[in-house]
>>> print(open('final_21.pdb').read())   # PDB, C-alpha atoms
MODEL        1
ATOM      1  CA  MET A   1     115.468  97.188  66.443
ATOM      2  CA  SER A   2     118.211  99.362  67.962
ATOM      3  CA  ALA A   3     120.070  98.697  71.175
ATOM      4  CA  GLU A   4     118.186 101.572  72.814
ATOM      5  CA  ASP A   5     114.869  99.996  71.828
ATOM      6  CA  ASP A   6     116.008  96.779  73.517
ATOM      7  CA  LEU A   7     116.755  98.705  76.689
ATOM      8  CA  GLU A   8     113.440 100.545  76.702
ATOM      9  CA  ASP A   9     111.507  97.303  76.172
ATOM     10  CA  PHE A  10     113.309  95.453  78.952
ATOM     11  CA  GLU A  11     110.868  93.859  81.391
ATOM     12  CA  PRO A  12     112.535  93.368  84.784
ATOM     13  CA  ASP A  13     112.208  90.028  86.559
ATOM     14  CA  LEU A  14     111.766  91.100  90.166
ATOM     15  CA  ASP A  15     111.343  87.649  91.665
ATOM     16  CA  GLY A  16     114.976  87.151  92.607
ATOM     17  CA  LEU A  17     115.293  90.601  94.099
ATOM     18  CA  GLU A  18     112.017  90.697  96.008
ATOM     19  CA  ARG A  19     112.050  87.163  97.382
ATOM     20  CA  GLU A  20     115.543  87.075  98.857
ATOM     21  CA  ASP A  21     114.009  87.775 102.244
ATOM     22  CA  ASP A  22     113.874  84.521 104.163
ATOM     23  CA  LYS A  23     115.324  84.163 107.639
ATOM     24  CA  LYS A  24     118.260  82.021 106.547
ATOM     25  CA  GLU A  25     119.447  84.536 104.007
ATOM     26  CA  THR A  26     119.189  87.389 106.493
ATOM     27  CA  GLU A  27     121.253  85.474 109.058
ATOM     28  CA  GLU A  28     123.894  84.635 106.445
ATOM     29  CA  TRP A  29     124.228  88.294 105.460
ATOM     30  CA  GLU A  30     124.470  89.402 109.074
ATOM     31  CA  ASP A  31     127.248  86.866 109.703
ATOM     32  CA  TYR A  32     129.064  88.041 106.570
ATOM     33  CA  ARG A  33     128.805  91.706 107.576
ATOM     34  CA  LYS A  34     129.938  91.018 111.150
ATOM     35  CA  GLU A  35     132.966  89.143 109.839
ATOM     36  CA  GLY A  36     133.870  92.142 107.691
ATOM     37  CA  GLU A  37     133.463  94.612 110.551
ATOM     38  CA  ASP A  38     135.636  92.503 112.833
ATOM     39  CA  SER A  39     138.440  92.154 110.269
ATOM     40  CA  GLU A  40     141.449  94.409 109.880
ATOM     41  CA  GLU A  41     141.567  96.954 107.069
ATOM     42  CA  TRP A  42     141.266  95.164 103.738
ATOM     43  CA  MET A  43     144.200  95.182 101.338
ATOM     44  CA  SER A  44     143.696  97.218  98.176
ATOM     45  CA  THR A  45     142.292  94.865  95.536
ATOM     46  CA  PRO A  46     141.343  96.654  92.316
ATOM     47  CA  LEU A  47     139.325  95.024  89.581
ATOM     48  CA  THR A  48     141.708  93.717  86.916
ATOM     49  CA  GLU A  49     141.348  92.739  83.265
ATOM     50  CA  ASP A  50     141.820  89.077  84.180
ATOM     51  CA  VAL A  51     138.969  89.180  86.697
ATOM     52  CA  MET A  52     136.845  91.045  84.165
ATOM     53  CA  LYS A  53     137.383  88.336  81.558
ATOM     54  CA  GLU A  54     136.265  85.667  84.012
ATOM     55  CA  GLY A  55     133.129  87.574  84.956
ATOM     56  CA  LEU A  56     131.895  88.753  81.549
ATOM     57  CA  SER A  57     129.103  86.976  79.682
ATOM     58  CA  ALA A  58     126.088  87.561  77.396
ATOM     59  CA  LEU A  59     127.487  88.778  74.088
ATOM     60  CA  CYS A  60     124.988  91.164  72.450
ATOM     61  CA  LYS A  61     124.738  93.592  69.569
ATOM     62  CA  THR A  62     125.479  97.238  70.296
ATOM     63  CA  GLY A  63     124.918 100.529  68.506
ATOM     64  CA  ASN A  64     123.776  99.954  64.921
ATOM     65  CA  GLY A  65     123.892  96.193  65.375
ATOM     66  CA  LEU A  66     127.172  95.686  63.534
ATOM     67  CA  ALA A  67     129.295  95.551  66.683
ATOM     68  CA  HIS A  68     129.077  93.224  69.682
ATOM     69  CA  ALA A  69     130.007  93.512  73.351
ATOM     70  CA  TYR A  70     129.549  91.575  76.568
ATOM     71  CA  VAL A  71     126.715  93.111  78.579
ATOM     72  CA  LYS A  72     126.748  91.088  81.810
ATOM     73  CA  LEU A  73     129.374  91.137  84.572
ATOM     74  CA  GLU A  74     129.452  89.070  87.769
ATOM     75  CA  VAL A  75     132.407  89.710  90.084
ATOM     76  CA  LYS A  76     130.996  88.922  93.517
ATOM     77  CA  ASP A  77     133.107  87.494  96.365
ATOM     78  CA  ARG A  78     136.372  88.849  94.929
ATOM     79  CA  ASP A  79     137.486  91.044  97.866
ATOM     80  CA  LEU A  80     137.424  94.018  95.485
ATOM     81  CA  THR A  81     138.060  97.495  96.857
ATOM     82  CA  ASP A  82     138.128  99.386  93.524
ATOM     83  CA  ILE A  83     136.100  99.019  90.299
ATOM     84  CA  HIS A  84     137.663 101.939  88.417
ATOM     85  CA  LEU A  85     138.198  99.658  85.404
ATOM     86  CA  LEU A  86     134.448  99.589  84.749
ATOM     87  CA  ARG A  87     134.631 103.116  83.338
ATOM     88  CA  SER A  88     135.799 101.555  80.061
ATOM     89  CA  TYR A  89     133.027  98.948  79.787
ATOM     90  CA  ILE A  90     130.243 101.288  78.792
ATOM     91  CA  HIS A  91     128.020  98.610  77.208
ATOM     92  CA  LEU A  92     127.381  96.679  80.418
ATOM     93  CA  ARG A  93     123.702  96.246  81.262
ATOM     94  CA  TYR A  94     123.778  93.775  84.172
ATOM     95  CA  VAL A  95     126.355  94.163  86.946
ATOM     96  CA  ASP A  96     126.774  92.142  90.145
ATOM     97  CA  VAL A  97     129.538  93.416  92.452
ATOM     98  CA  SER A  98     128.081  92.051  95.686
ATOM     99  CA  ARG A  99     130.075  90.645  98.619
ATOM    100  CA  ASN A 100     133.171  92.763  98.072
ATOM    101  CA  HIS A 101     134.692  95.649 100.059
ATOM    102  CA  LEU A 102     133.631  98.554  97.861
ATOM    103  CA  THR A 103     133.163 102.042  99.279
ATOM    104  CA  ASP A 104     132.722 103.844  95.939
ATOM    105  CA  LEU A 105     130.455 103.036  93.002
ATOM    106  CA  SER A 106     131.150 106.196  90.988
ATOM    107  CA  PRO A 107     132.696 104.254  88.028
ATOM    108  CA  LEU A 108     129.171 102.988  87.341
ATOM    109  CA  ASN A 109     128.213 106.517  86.307
ATOM    110  CA  TYR A 110     129.810 105.750  82.942
ATOM    111  CA  LEU A 111     127.526 102.760  82.321
ATOM    112  CA  THR A 112     124.625 104.630  80.772
ATOM    113  CA  HIS A 113     123.049 101.407  79.409
ATOM    114  CA  LEU A 114     122.872  99.785  82.842
ATOM    115  CA  LEU A 115     119.568  97.985  83.495
ATOM    116  CA  TRP A 116     120.266  95.893  86.601
ATOM    117  CA  LEU A 117     122.659  96.461  89.492
ATOM    118  CA  LYS A 118     123.395  94.371  92.563
ATOM    119  CA  ALA A 119     125.884  95.805  95.058
ATOM    120  CA  ASP A 120     124.850  93.983  98.239
ATOM    121  CA  GLY A 121     127.255  93.274 101.075
ATOM    122  CA  ASN A 122     129.883  95.935 100.483
ATOM    123  CA  ARG A 123     131.015  98.896 102.620
ATOM    124  CA  LEU A 124     128.998 101.585 100.885
ATOM    125  CA  GLN A 125     127.857 104.606 102.879
ATOM    126  CA  SER A 126     125.733 105.970 100.052
ATOM    127  CA  ALA A 127     123.723 104.714  97.067
ATOM    128  CA  ARG A 128     124.290 108.004  95.241
ATOM    129  CA  LEU A 129     124.888 107.748  91.492
ATOM    130  CA  ASN A 130     124.373 110.007  88.511
ATOM    131  CA  GLU A 131     120.996 109.619  86.830
ATOM    132  CA  LEU A 132     121.135 106.384  84.813
ATOM    133  CA  PRO A 133     118.434 106.550  82.125
ATOM    134  CA  TYR A 134     117.702 102.799  81.813
ATOM    135  CA  LEU A 135     118.365 101.457  85.312
ATOM    136  CA  GLN A 136     115.308  99.490  86.444
ATOM    137  CA  ILE A 137     116.472  97.257  89.325
ATOM    138  CA  ALA A 138     119.016  98.279  91.960
ATOM    139  CA  SER A 139     119.983  96.505  95.180
ATOM    140  CA  PHE A 140     122.272  97.979  97.860
ATOM    141  CA  ALA A 141     121.309  95.638 100.703
ATOM    142  CA  TYR A 142     123.531  95.031 103.747
ATOM    143  CA  ASN A 143     125.885  97.965 103.380
ATOM    144  CA  GLN A 144     126.503 100.939 105.692
ATOM    145  CA  ILE A 145     124.233 103.391 103.899
ATOM    146  CA  THR A 146     122.871 106.174 106.111
ATOM    147  CA  ASP A 147     120.539 108.083 103.764
ATOM    148  CA  THR A 148     118.520 107.810 100.557
ATOM    149  CA  GLU A 149     119.930 110.853  98.777
ATOM    150  CA  GLY A 150     121.175 110.799  95.178
ATOM    151  CA  ILE A 151     118.768 108.179  93.779
ATOM    152  CA  SER A 152     117.056 109.691  90.742
ATOM    153  CA  HIS A 153     116.828 107.097  87.959
ATOM    154  CA  PRO A 154     113.633 107.696  85.940
ATOM    155  CA  ARG A 155     113.000 104.028  85.006
ATOM    156  CA  LEU A 156     113.913 102.570  88.394
ATOM    157  CA  ALA A 157     111.160 100.094  89.299
ATOM    158  CA  SER A 158     112.617  98.246  92.313
ATOM    159  CA  LEU A 159     115.015  99.594  94.946
ATOM    160  CA  ASP A 160     116.419  97.399  97.736
ATOM    161  CA  LEU A 161     118.048  99.132 100.713
ATOM    162  CA  LYS A 162     117.434  96.565 103.422
ATOM    163  CA  GLY A 163     119.951  95.963 106.193
ATOM    164  CA  ASN A 164     121.544  99.419 106.211
ATOM    165  CA  HIS A 165     121.710 102.291 108.740
ATOM    166  CA  ILE A 166     118.968 104.567 107.415
ATOM    167  CA  HIS A 167     117.059 106.592 110.030
ATOM    168  CA  MET A 168     115.052 108.869 107.758
ATOM    169  CA  VAL A 169     113.972 108.719 104.119
ATOM    170  CA  THR A 170     114.986 111.884 102.264
ATOM    171  CA  GLY A 171     115.710 112.849  98.672
ATOM    172  CA  LEU A 172     113.348 110.386  96.943
ATOM    173  CA  ASP A 173     111.962 112.899  94.458
ATOM    174  CA  PRO A 174     108.521 111.864  93.116
ATOM    175  CA  GLN A 175     109.151 113.986  90.024
ATOM    176  CA  LYS A 176     112.161 111.843  89.127
ATOM    177  CA  LEU A 177     111.307 108.398  90.516
ATOM    178  CA  ILE A 178     108.226 108.126  88.346
ATOM    179  CA  SER A 179     108.503 104.352  87.830
ATOM    180  CA  LEU A 180     109.421 103.130  91.322
ATOM    181  CA  HIS A 181     106.829 100.600  92.496
ATOM    182  CA  THR A 182     108.790  98.458  94.993
ATOM    183  CA  LEU A 183     110.826  99.864  97.879
ATOM    184  CA  GLU A 184     112.624  97.561 100.349
ATOM    185  CA  LEU A 185     113.679  99.163 103.644
ATOM    186  CA  ARG A 186     113.634  96.335 106.189
ATOM    187  CA  GLY A 187     116.459  96.098 108.682
ATOM    188  CA  ASN A 188     117.132  99.827 109.002
ATOM    189  CA  GLN A 189     116.496 102.163 111.945
ATOM    190  CA  LEU A 190     113.481 103.989 110.543
ATOM    191  CA  ASN A 191     111.095 105.600 113.023
ATOM    192  CA  SER A 192     108.802 107.234 110.475
ATOM    193  CA  THR A 193     107.648 106.845 106.882
ATOM    194  CA  LEU A 194     107.820 110.585 106.225
ATOM    195  CA  GLY A 195     109.670 111.189 102.964
ATOM    196  CA  ILE A 196     108.030 108.340 101.068
ATOM    197  CA  ASN A 197     105.831 110.084  98.510
ATOM    198  CA  LEU A 198     106.091 108.176  95.235
ATOM    199  CA  PRO A 199     103.340 108.177  92.598
ATOM    200  CA  LYS A 200     103.683 104.558  91.408
ATOM    201  CA  LEU A 201     104.631 102.902  94.698
ATOM    202  CA  LYS A 202     102.696  99.653  95.227
ATOM    203  CA  ASN A 203     104.938  97.553  97.495
ATOM    204  CA  LEU A 204     106.587  98.996 100.588
ATOM    205  CA  PHE A 205     108.666  96.483 102.548
ATOM    206  CA  LEU A 206     109.322  97.819 106.045
ATOM    207  CA  VAL A 207     109.297  95.035 108.615
ATOM    208  CA  ALA A 208     108.559  91.331 108.350
ATOM    209  CA  HIS A 209     105.803  91.480 105.766
ATOM    210  CA  TRP A 210     104.591  93.368 102.708
ATOM    211  CA  VAL A 211     102.700  96.562 103.403
ATOM    212  CA  ARG A 212     100.071  97.165 100.720
ATOM    213  CA  GLY A 213      97.721 100.097 101.113
ATOM    214  CA  TRP A 214      98.834 100.830 104.688
ATOM    215  CA  CYS A 215      98.065 104.491 105.491
ATOM    216  CA  TRP A 216      98.066 105.017 101.732
ATOM    217  CA  GLU A 217      96.834 108.091  99.890
ATOM    218  CA  GLY A 218      97.655 108.293  96.201
ATOM    219  CA  GLY A 219     101.027 106.604  96.566
ATOM    220  CA  THR A 220     101.928 108.499  99.736
ATOM    221  CA  VAL A 221     102.476 107.037 103.179
ATOM    222  CA  ARG A 222     101.120 109.784 105.403
ATOM    223  CA  GLY A 223     103.671 110.001 108.192
ATOM    224  CA  ALA A 224     102.643 106.769 109.887
ATOM    225  CA  ARG A 225     104.731 105.576 112.819
ATOM    226  CA  MET A 226     106.495 102.271 112.403
ATOM    227  CA  PRO A 227     104.637  99.303 113.981
ATOM    228  CA  PHE A 228     107.447  98.169 116.285
TER
ENDMDL
END
>>> encode(input="final_21.pdb", output="structure tokens")
Amino acid sequence: MSAEDDLEDFEPDLDGLEREDDKKETEEWEDYRKEGEDSEEWMSTPLTEDVMKEGLSALCKTGNGLAHAYVKLEVKDRDLTDIHLLRSYIHLRYVDVSRNHLTDLSPLNYLTHLLWLKADGNRLQSARLNELPYLQIASFAYNQITDTEGISHPRLASLDLKGNHIHMVTGLDPQKLISLHTLELRGNQLNSTLGINLPKLKNLFLVAHWVRGWCWEGGTVRGARMPF
């Protein structure tokens, strides 16, 4: 079996992503974000080879199976402001860069085998990335994101955008997001569900509970007002 077959057969475990929603966790994230907003400008702290070596794990076969590479990276809580180095680590499949000070995720555009991404608790204003063909789980919770533009990954199954500054959902193209079944939008400033028209959507997380089948018509939430 080729490396691409492994990626296509990947079955995402959504439990960790979907269940990180208890009150304690929310309060901890809010305290963390407030601390960051109250601090002075962060010193430039780029990702280095030494930090990479500490964070890499999961050695797997690549290509024709004769070569090997690490496919998992965890570099959370490192005060990072720059992950430019990731452009060279094209075999990464699982990346956790949460709780840093990142404003730009564009180096991830080079990781075309990426399956799982967690970028919570940074200083991102956008979740925009190039189309990543295998990405299935992505979390951008507790950033400063203001819109939902530039998210077009065809295998994306779960998208977490809770705790941001989103007022309106735009750019979620149902022709491209053909696999998205779980969308997390709690803790934003939404006043309407217009713009959510996704064919496979089953779980829409808006306030304090799951919304299943609420004002639903064929995967579309028909412009319902938020129940505040």
>>> resolve_selection(input="final_21.pdb", expression="the PyMOL selection byres ((chain A and resi 41-56) around 10)", output="PyMOL selection string")
chain A and resi 36-40+57-59+69-76+78-86+89+92+94-96+100-102
>>> residues_around(input="final_21.pdb", residues="A:Lys118", least_positions_apart="4", cutoff="7 Å", atoms="all atoms listed in the file", output="list of chain:residue names")
A:Val95, A:Asp96, A:Val97, A:Ser98, A:Ala138, A:Ser139, A:Phe140
>>> closest_atom_pairs(input="final_21.pdb", of="stretch 62-140 of chain A", to="stretch 168-181 of chain A", cutoff="10 Å", atoms="only C-alpha atoms", output="Markdown table")
| residue | atom | partner | partner_atom | distance |
| --- | --- | --- | --- | --- |
| A:Glu131 | CA | A:Lys176 | CA | 9.4 |
| A:Gln136 | CA | A:Leu180 | CA | 8.5 |
| A:Ile137 | CA | A:Leu180 | CA | 9.4 |
>>> atom_distance(input="final_21.pdb", atom1="atom CA of A:Ile90", atom2="atom CA of A:Glu149")
24.4 Å
>>> atom_distance(input="final_21.pdb", atom1="atom CA of A:Leu204", atom2="atom CA of A:Thr148")
14.8 Å
>>> atom_distance(input="final_21.pdb", atom1="atom CA of A:Leu114", atom2="atom CA of A:Gly187")
26.9 Å
>>> axis_aligned_box(input="final_21.pdb", around="stretch 101-112 of chain A", padding_each_side="5 Å", output="lines of an AutoDock Vina configuration file")
center_x = 129.7
center_y = 101.1
center_z = 90.4
size_x = 20.1
size_y = 20.9
size_z = 29.3
>>> resolve_selection(input="final_21.pdb", expression="the PyMOL selection byres ((chain A and resi 134) around 8)", output="NGL selection string")
:A and (7-8 or 112-115 or 132-133 or 135-136 or 153-156)
>>> residues_around(input="final_21.pdb", residues="stretch 157-167 of chain A", least_positions_apart="3", cutoff="10 Å", atoms="only C-alpha atoms", output="PyMOL selection string")
chain A and resi 12+14+17-18+21+26+29-30+33+116-121+124-127+135-148+151+153-154+170+177-193+200-201+203+205-207
>>> build_atoms(input="final_21.pdb", residues="stretch 93-111 of chain A", atoms="N, CA, C and O atoms", output="PDB file, in the frame of the given file")
ATOM      1  N   ARG A  93     125.101  96.038  80.896  1.00  0.00           N
ATOM      2  CA  ARG A  93     123.702  96.246  81.262  1.00  0.00           C
ATOM      3  C   ARG A  93     123.348  95.581  82.595  1.00  0.00           C
ATOM      4  O   ARG A  93     122.397  96.002  83.254  1.00  0.00           O
ATOM      5  N   TYR A  94     124.058  94.534  82.946  1.00  0.00           N
ATOM      6  CA  TYR A  94     123.778  93.775  84.172  1.00  0.00           C
ATOM      7  C   TYR A  94     125.093  93.644  84.948  1.00  0.00           C
ATOM      8  O   TYR A  94     126.058  93.064  84.442  1.00  0.00           O
ATOM      9  N   VAL A  95     125.117  94.155  86.161  1.00  0.00           N
ATOM     10  CA  VAL A  95     126.355  94.163  86.946  1.00  0.00           C
ATOM     11  C   VAL A  95     126.071  93.658  88.359  1.00  0.00           C
ATOM     12  O   VAL A  95     125.169  94.165  89.041  1.00  0.00           O
ATOM     13  N   ASP A  96     126.848  92.661  88.782  1.00  0.00           N
ATOM     14  CA  ASP A  96     126.774  92.142  90.145  1.00  0.00           C
ATOM     15  C   ASP A  96     128.155  92.272  90.780  1.00  0.00           C
ATOM     16  O   ASP A  96     129.095  91.565  90.409  1.00  0.00           O
ATOM     17  N   VAL A  97     128.275  93.208  91.733  1.00  0.00           N
ATOM     18  CA  VAL A  97     129.538  93.416  92.452  1.00  0.00           C
ATOM     19  C   VAL A  97     129.340  93.150  93.939  1.00  0.00           C
ATOM     20  O   VAL A  97     130.040  93.717  94.785  1.00  0.00           O
ATOM     21  N   SER A  98     128.402  92.292  94.282  1.00  0.00           N
ATOM     22  CA  SER A  98     128.081  92.051  95.686  1.00  0.00           C
ATOM     23  C   SER A  98     129.169  91.251  96.395  1.00  0.00           C
ATOM     24  O   SER A  98     129.996  90.593  95.776  1.00  0.00           O
ATOM     25  N   ARG A  99     129.133  91.348  97.737  1.00  0.00           N
ATOM     26  CA  ARG A  99     130.075  90.645  98.619  1.00  0.00           C
ATOM     27  C   ARG A  99     131.536  90.984  98.294  1.00  0.00           C
ATOM     28  O   ARG A  99     132.383  90.116  98.158  1.00  0.00           O
ATOM     29  N   ASN A 100     131.806  92.274  98.182  1.00  0.00           N
ATOM     30  CA  ASN A 100     133.171  92.763  98.072  1.00  0.00           C
ATOM     31  C   ASN A 100     133.415  93.774  99.196  1.00  0.00           C
ATOM     32  O   ASN A 100     132.709  93.730 100.205  1.00  0.00           O
ATOM     33  N   HIS A 101     134.389  94.658  99.023  1.00  0.00           N
ATOM     34  CA  HIS A 101     134.692  95.649 100.059  1.00  0.00           C
ATOM     35  C   HIS A 101     134.672  97.048  99.454  1.00  0.00           C
ATOM     36  O   HIS A 101     135.496  97.904  99.788  1.00  0.00           O
ATOM     37  N   LEU A 102     133.703  97.294  98.589  1.00  0.00           N
ATOM     38  CA  LEU A 102     133.631  98.554  97.861  1.00  0.00           C
ATOM     39  C   LEU A 102     133.066  99.666  98.736  1.00  0.00           C
ATOM     40  O   LEU A 102     132.091  99.475  99.468  1.00  0.00           O
ATOM     41  N   THR A 103     133.667 100.844  98.619  1.00  0.00           N
ATOM     42  CA  THR A 103     133.163 102.042  99.279  1.00  0.00           C
ATOM     43  C   THR A 103     132.721 103.091  98.268  1.00  0.00           C
ATOM     44  O   THR A 103     132.142 104.110  98.642  1.00  0.00           O
ATOM     45  N   ASP A 104     132.994 102.849  96.980  1.00  0.00           N
ATOM     46  CA  ASP A 104     132.722 103.844  95.939  1.00  0.00           C
ATOM     47  C   ASP A 104     132.203 103.157  94.688  1.00  0.00           C
ATOM     48  O   ASP A 104     132.859 102.264  94.143  1.00  0.00           O
ATOM     49  N   LEU A 105     131.029 103.584  94.229  1.00  0.00           N
ATOM     50  CA  LEU A 105     130.455 103.036  93.002  1.00  0.00           C
ATOM     51  C   LEU A 105     130.480 104.046  91.853  1.00  0.00           C
ATOM     52  O   LEU A 105     129.858 103.815  90.813  1.00  0.00           O
ATOM     53  N   SER A 106     131.191 105.143  91.998  1.00  0.00           N
ATOM     54  CA  SER A 106     131.150 106.196  90.988  1.00  0.00           C
ATOM     55  C   SER A 106     131.565 105.742  89.583  1.00  0.00           C
ATOM     56  O   SER A 106     131.067 106.328  88.604  1.00  0.00           O
ATOM     57  N   PRO A 107     132.422 104.704  89.405  1.00  0.00           N
ATOM     58  CA  PRO A 107     132.696 104.254  88.028  1.00  0.00           C
ATOM     59  C   PRO A 107     131.448 103.785  87.283  1.00  0.00           C
ATOM     60  O   PRO A 107     131.430 103.796  86.043  1.00  0.00           O
ATOM     61  N   LEU A 108     130.403 103.415  88.004  1.00  0.00           N
ATOM     62  CA  LEU A 108     129.171 102.988  87.341  1.00  0.00           C
ATOM     63  C   LEU A 108     128.458 104.144  86.647  1.00  0.00           C
ATOM     64  O   LEU A 108     127.585 103.923  85.807  1.00  0.00           O
ATOM     65  N   ASN A 109     128.829 105.371  86.957  1.00  0.00           N
ATOM     66  CA  ASN A 109     128.213 106.517  86.307  1.00  0.00           C
ATOM     67  C   ASN A 109     128.461 106.536  84.806  1.00  0.00           C
ATOM     68  O   ASN A 109     127.738 107.200  84.059  1.00  0.00           O
ATOM     69  N   TYR A 110     129.475 105.813  84.372  1.00  0.00           N
ATOM     70  CA  TYR A 110     129.810 105.750  82.942  1.00  0.00           C
ATOM     71  C   TYR A 110     128.993 104.688  82.207  1.00  0.00           C
ATOM     72  O   TYR A 110     129.023 104.642  80.976  1.00  0.00           O
ATOM     73  N   LEU A 111     128.272 103.862  82.933  1.00  0.00           N
ATOM     74  CA  LEU A 111     127.526 102.760  82.321  1.00  0.00           C
ATOM     75  C   LEU A 111     126.093 103.211  82.041  1.00  0.00           C
ATOM     76  O   LEU A 111     125.140 102.810  82.710  1.00  0.00           O
TER      77      LEU A 111
END
